[in-house]
Structure formats: structure tokens, C-alpha cells
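Student: Got a structure for you, questions after.
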Protein chains: 2
Amino acid sequence: MSEEAIPRKRADARRNQQALLDAAAAVFVRSGVEAPVRDIAAAAGVGMGTIYRHFPTRADLVVAVYRHQVEACAEAGPALLAGSVTPHAALAAWIDLFVDFLVTKHGLAAALHSDNAALHAYFLDRLIPVCAQLLDAAAAAGEIRSDVTAFELMYGVGNLCAGVDPRYDARRLAGLLVTGLGSGSGRA
Amino acid sequence: MSEEAIPRKRADARRNQQALLDAAAAVFVRSGVEAPVRDIAAAAGVGMGTIYRHFPTRADLVVAVYRHQVEACAEAGPALLAGSVTPHAALAAWIDLFVDFLVTKHGLAAALHSDNAALHAYFLDRLIPVCAQLLDAAAAAGEIRSDVTAFELMYGVGNLCAGVDPRYDARRLAGLLVTGLGSGSGRA
DNA sequence: CAACATACGGAGCAGTGCTCCACTTAGCAA
DNA sequence: TTGCTAAGTGGAGCACTGCTCCGTATGTTG
């Protein structure tokens, strides 16, 4: 029934869209998420117009490229909560997952801020509920202070991942943040 | 003797340099640190050439504009250490000072990363020793874990300040980081 | 006042993102 | 097979960046 609700695109259009996704993924690895649109079009063997028709904004393209990984991260939240000793441990593990995702994407975290409000919104919309669930569970267990929102934590961790210096370990700093969260319950 | 080693610049050159500094400060407030160079030149009533002669790179201009405030922040470190109950409290207060400086500068933290390696280097060079002093004092007092470097902390806090969302409070997040630092000493 | 080094201004180049529309071609009906 | 039409394409072009270069203007000095 939904077979007819989606009027199948032309074969070349579908082919180009896939070529664009593949090319973009490759170019992002090589040149970072901020790579010139022309480069991506060239890598896919299509023109500028094609890229903008399939992905009206740069954010749409980035989202499409990373959608699977964001989904995986989101789905890992409940799983970690179920499989961990404490909610706080689950939260820490999940944050690690998120950090790992961001830091392996050459400039993604930086791109999240500078321009792309839409890109930012997608990540936040998808992941904040998951984060909130972990946060709530930990707060309910009395393991963490409850005055930090999921939004703030996600935003902060995202910011933390913007660095690229070899003497800087985003995972460690993010861990510090989560640790700090835990101190509230037993602090002066 | 050094009077002659510095061959006094022409009066108009000095005047323009000052006009540029004033104009840049004003434009940075209005449009952020990433404001187009043309805008700054126009605001100062000079041409493009003049701006680049006085400040070869954008970082030089930004550094010149904020030098005083960075100095003040650096000098506040030892003062806080001397005047606080504990080194950890001094560190927290100093970090707050640094965060306040960054967040009131519309986009400075973001600019620190995206392009300007030189800008970044200036801030880090000037402030890391101060941070290290506070960190060492707190570590010596057994108040914090000692496996986080001043570089990492400064870099992390700088990253944390990149946000501009009203529902995001960089000071709070940075405080969490410092709190997390303290948990190391009494943690499992 | 003259002459010259210093400093100025902005046209121009190269590199972005993104738009627009004349052209091409896939898919289909005859 | 052929021809039609709408979907899809490609890249020239525009607006906007940062930054350079050099002919021109002006402060300074003797």
C-alpha cells in the first residue's frame, strides 16, 4: 500500500543519490565534514545542481551520511542501561560511545556549531531523549545531581569533542564531566 | 638607548592602528570575532591594505584587542591562589573568570578552534602556566587527581565555551569539570 | 619648500556556498 | 521502434569571503 504512495524516482536519480552518499562519506573522511561542495559533487561525478536537489542543505547531506551511526548510538542507550551495574555507569559508557562517534568524524563536532543549526538540531533531537533517560535513571538512583539537563550535557560533550590536538583527549574530559555529575550527590 | 632602536612610526600610521583597534573592538561586539575584515576596515575608516599592514593575520588583531583582558585573567591566578581557602576553590574561581571572559566575547571560543592556530597558541601560552600553577597547588594539597594537564583543562574549558544557546550555561558545565577533577581524590 | 621614504586604499584574485535555467534523458504510450 | 514529456542534470554565474599588490597620497626631514 505504501508502494504506490512513494512515486518511484527515476533510476538515474536514485543512482546519483547513492553515488553522492558514497562520495560524501569518502570525502568527509579525507577532507573533513567541511569539505567544499564542489569536491563532493566532483567525487560523485555529478554537477552542483544535483547535489543541492537531493540534499537541499549541507546539513541534509551530513545527516544522511551519518544517520545510521546516530541511530546506533541512540539505540545503544537503553541497551546500556539494561546491561550496566548502575545507571551512572551506563551514562558514562553511553557518553563514551557518543564521544567516540564524534571524534572519529574529522571536524563533525566543530561543524555542529559554526554554521549548521539544522545539523545540530538533528543530533540533539535524536540523542537528547536517550540522554535524558539515562540521566533520569541515574538521578532516580540518587547517583547524580539532577540540576543538569540532557540538553546541557549533550551540548557540552559535543563542544568538548571539537578539539583535534593530539595532547587533548576528549574522552577523558567528557569522563570528567560525568564524574563531576556524580559528585553532586555526595558533596558539601 | 632603546629610544632610537624603535624608529617612531609616522603619526598617521599610529593613528590608524589605534582606530583599527577601537573599530575592531566595536565590530567584534556587534558582529562577533569572525566579522568580515572589510567591515572592520570600513568601521575604522581605512582600506583593506592598512589593516593587513598593521595586523598581518586576523589573529594578531584579535590578540591585540583582547590582550589586556587576557593579561588580567593571567594575573588573577596567583591572586586567587593567595586569597582562597583552598587551591581547589581558587582553581574553580579562576576557571569561572576565564569562562566569563570567553562567553562575553561573542564567538571568541569558536574562533579559537576553527581557523586561528596562532590565536589559540597565544591564549594557551599565556594562560596554561597560570592554570598549571593552580592545578599543581590543588594536586599538592591532595584535593584533585593529578592526571589531567593544564593544557587539557584549558582546552576543554575553551571548548565548553563555544556554545551560544540560551539553555546552555558554559559556566555550569565548566564547574562540573572542575568538580569532576576533585572527585578523583576520593573516588573508587 | 622640496624630495623621498612611509603608509594608504581599494581593485583584483582565488576560493567559498548556493541558485537558476537551458538542456538532456529516462520512462512510457502508441 | 519511435516520439513525447516531465523529471533530472550540470555548470555558469552571483554574492560573499580572505588576502595581495602596487600606483598614489602624505608625513617627515633637511
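Within each chain, counting starts at residue 1; across the C-alpha cells, chains are named A, B, ... in the order shown, with ligands numbered 1 upward in that order.
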Return the neighbours of chain D among the residues of chain A, cut-off 10 Å, counting only C-alpha atoms (C1' of nucleotides), as a PDB file with C-alpha atoms, in the first residue's frame.

Tutor:
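Writing done, so here's part.pdb:
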ATOM      1  CA  LYS A   9      12.118   8.217  -8.569  1.00  0.00           C
ATOM      2  CA  ARG A  10      13.844   7.849 -11.853  1.00  0.00           C
ATOM      3  CA  ASP A  12      19.342   7.828 -12.597  1.00  0.00           C
ATOM      4  CA  ALA A  13      18.144   9.984  -9.723  1.00  0.00           C
ATOM      5  CA  VAL A  46      27.721  14.872 -10.757  1.00  0.00           C
ATOM      6  CA  GLY A  47      27.124  18.604 -11.058  1.00  0.00           C
ATOM      7  CA  MET A  48      26.472  21.183  -8.394  1.00  0.00           C
ATOM      8  CA  GLY A  49      22.794  21.274  -9.155  1.00  0.00           C
ATOM      9  CA  THR A  50      22.351  17.581  -8.479  1.00  0.00           C
ATOM     10  CA  ARG A  53      18.418  18.891  -5.392  1.00  0.00           C
TER      11      ARG A  53
END

Student: Find the residues of chain C in contact range of chain A, meaning any atom within 9 Å when counting only C-alpha atoms (C1' of nucleotides), and list them as a ChimeraX atom specification.

Tutor: /C:16-19,26-27

Student: How would the residues just picked look written out with C-alpha atoms (C1' of nucleotides) as a compact mmCIF listing (two decimals), in the first residue's frame?

Tutor:
# COMPACT_ATOMS: atom_id res chain seq x y z
C1' DT C 16 33.76 29.56 -0.87
C1' DG C 17 28.24 28.37 -0.86
C1' DC C 18 24.24 28.28 -3.40
C1' DT C 19 20.83 29.41 -7.43
C1' DA C 26 14.53 8.03 -18.62
C1' DG C 27 10.20 6.01 -18.90

Student: Provide as a compact mmCIF listing (two decimals) with C-alpha atoms, in the first residue's frame the residues of chain A at most 12 Å from chain B, counting only C-alpha atoms.

Tutor:
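Writing the result to part.txt gives the following:
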# COMPACT_ATOMS: atom_id res chain seq x y z
CA GLU A 34 33.52 20.99 5.90
CA GLY A 107 35.53 18.04 12.22
CA LEU A 108 31.95 16.92 12.78
CA ALA A 109 31.78 18.38 16.26
CA ALA A 110 33.16 21.68 15.03
CA ALA A 111 30.70 21.71 12.15
CA LEU A 112 27.91 21.18 14.63
CA HIS A 113 28.44 24.69 15.90
CA SER A 114 29.90 27.10 13.39
CA ASP A 115 27.09 27.04 10.86
CA ALA A 117 21.81 24.85 13.05
CA HIS A 120 22.85 20.45 15.32
CA ALA A 121 19.11 20.12 15.73
CA ILE A 144 23.95 12.14 40.36
CA ARG A 145 22.79 15.67 40.90
CA ASP A 147 20.10 20.02 38.06
CA VAL A 148 21.87 19.39 34.77
CA THR A 149 19.67 18.86 31.75
CA ALA A 150 20.21 16.36 28.98
CA PHE A 151 20.48 19.27 26.60
CA GLU A 152 23.28 20.86 28.54
CA LEU A 153 25.18 17.64 28.90
CA MET A 154 24.91 16.75 25.22
CA TYR A 155 25.80 20.22 24.16
CA GLY A 156 28.76 20.29 26.49
CA VAL A 157 30.05 16.91 25.42
CA GLY A 158 29.62 17.92 21.80
CA ASN A 159 31.67 21.02 22.46
CA LEU A 160 34.32 19.03 24.22
CA CYS A 161 34.80 16.94 21.10
CA ALA A 162 35.66 19.91 18.91
CA GLY A 163 39.35 19.62 19.69
CA VAL A 164 41.82 17.97 17.40
CA ASP A 165 45.07 18.34 19.30
CA PRO A 166 46.94 15.12 19.99
CA ARG A 167 47.62 16.20 23.57
CA TYR A 168 43.92 16.51 24.14
CA ASP A 169 41.72 13.55 24.94
CA ALA A 170 38.06 14.43 24.57
CA ARG A 171 37.00 11.15 26.10
CA ARG A 172 38.89 11.89 29.27
CA LEU A 173 37.40 15.36 29.60
CA ALA A 174 33.90 14.06 28.93
CA GLY A 175 34.52 11.43 31.58
CA LEU A 176 35.46 14.20 33.99
CA LEU A 177 32.16 15.86 33.26
CA VAL A 178 30.24 12.70 34.04
CA THR A 179 32.28 12.20 37.17
CA GLY A 180 31.50 15.76 38.21
CA LEU A 181 27.86 14.97 37.75
CA GLY A 182 28.17 12.18 40.27
CA SER A 183 29.82 14.30 42.93
CA GLY A 184 26.71 16.35 43.47
CA SER A 185 25.02 13.63 45.42
CA GLY A 186 27.74 13.36 47.99
CA ARG A 187 29.28 16.79 48.01
CA ALA A 188 29.45 19.62 50.53

Student: Mind checking which residues fall within 8 Å of Glu143 (chain B), counting only C-alpha atoms (C1' of nucleotides), ignoring those fewer than 3 positions away in the same chain, and posting them as a PyMOL selection string?

Tutor: chain B and resi 87-88+138-140+182+185

Student: Output C-alpha atoms for every residue in that selection, as an mmCIF file, in the first residue's frame.

Tutor:
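What ended up in out-v1.cif:
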data_model
loop_
_atom_site.group_PDB
_atom_site.id
_atom_site.type_symbol
_atom_site.label_atom_id
_atom_site.label_comp_id
_atom_site.auth_asym_id
_atom_site.auth_seq_id
_atom_site.Cartn_x
_atom_site.Cartn_y
_atom_site.Cartn_z
ATOM 1 C CA PRO B 87 43.702 25.729 45.978
ATOM 2 C CA HIS B 88 40.748 23.853 44.539
ATOM 3 C CA ALA B 138 45.478 21.721 44.298
ATOM 4 C CA ALA B 139 47.173 18.435 43.479
ATOM 5 C CA ALA B 140 49.827 19.051 46.120
ATOM 6 C CA GLY B 182 38.111 16.909 42.665
ATOM 7 C CA SER B 185 40.993 12.091 45.188
#

Student: Give me, as an NGL selection string, the residues of region 15-162 of chain A that a backbone DSSP run labels alpha helix (DSSP H).

Tutor: :A and (15-31 or 37-44 or 48-54 or 58-83 or 87-103 or 108-114 or 117-140 or 150-160)

Student: Find the distance between CA of Phe101 (chain B) and CA of Gln69 (chain B) and write it in Å to one decimal.

Tutor: 7.7 Å

Student: Between CA of Ile40 (chain A) and CA of Asp125 (chain A), what is the distance in Å, rounded to a tenth?

Tutor: 26.7 Å

Student: Please, what distance in Å, to one decimal, runs between CA of Tyr122 (chain A) and CA of Val103 (chain A)?

Tutor: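 Spanning CA of Tyr122 (chain A) to CA of Val103 (chain A) is a straight-line distance of 17.7 Å.
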
Student: Contacts of region 20-29 of chain A at 6 Å or less, counting only C-alpha atoms (C1' of nucleotides), minus same-chain residues fewer than 3 places along, as number ranges by chain?

Tutor: A: 16-17, 32-33, 40, 43-44
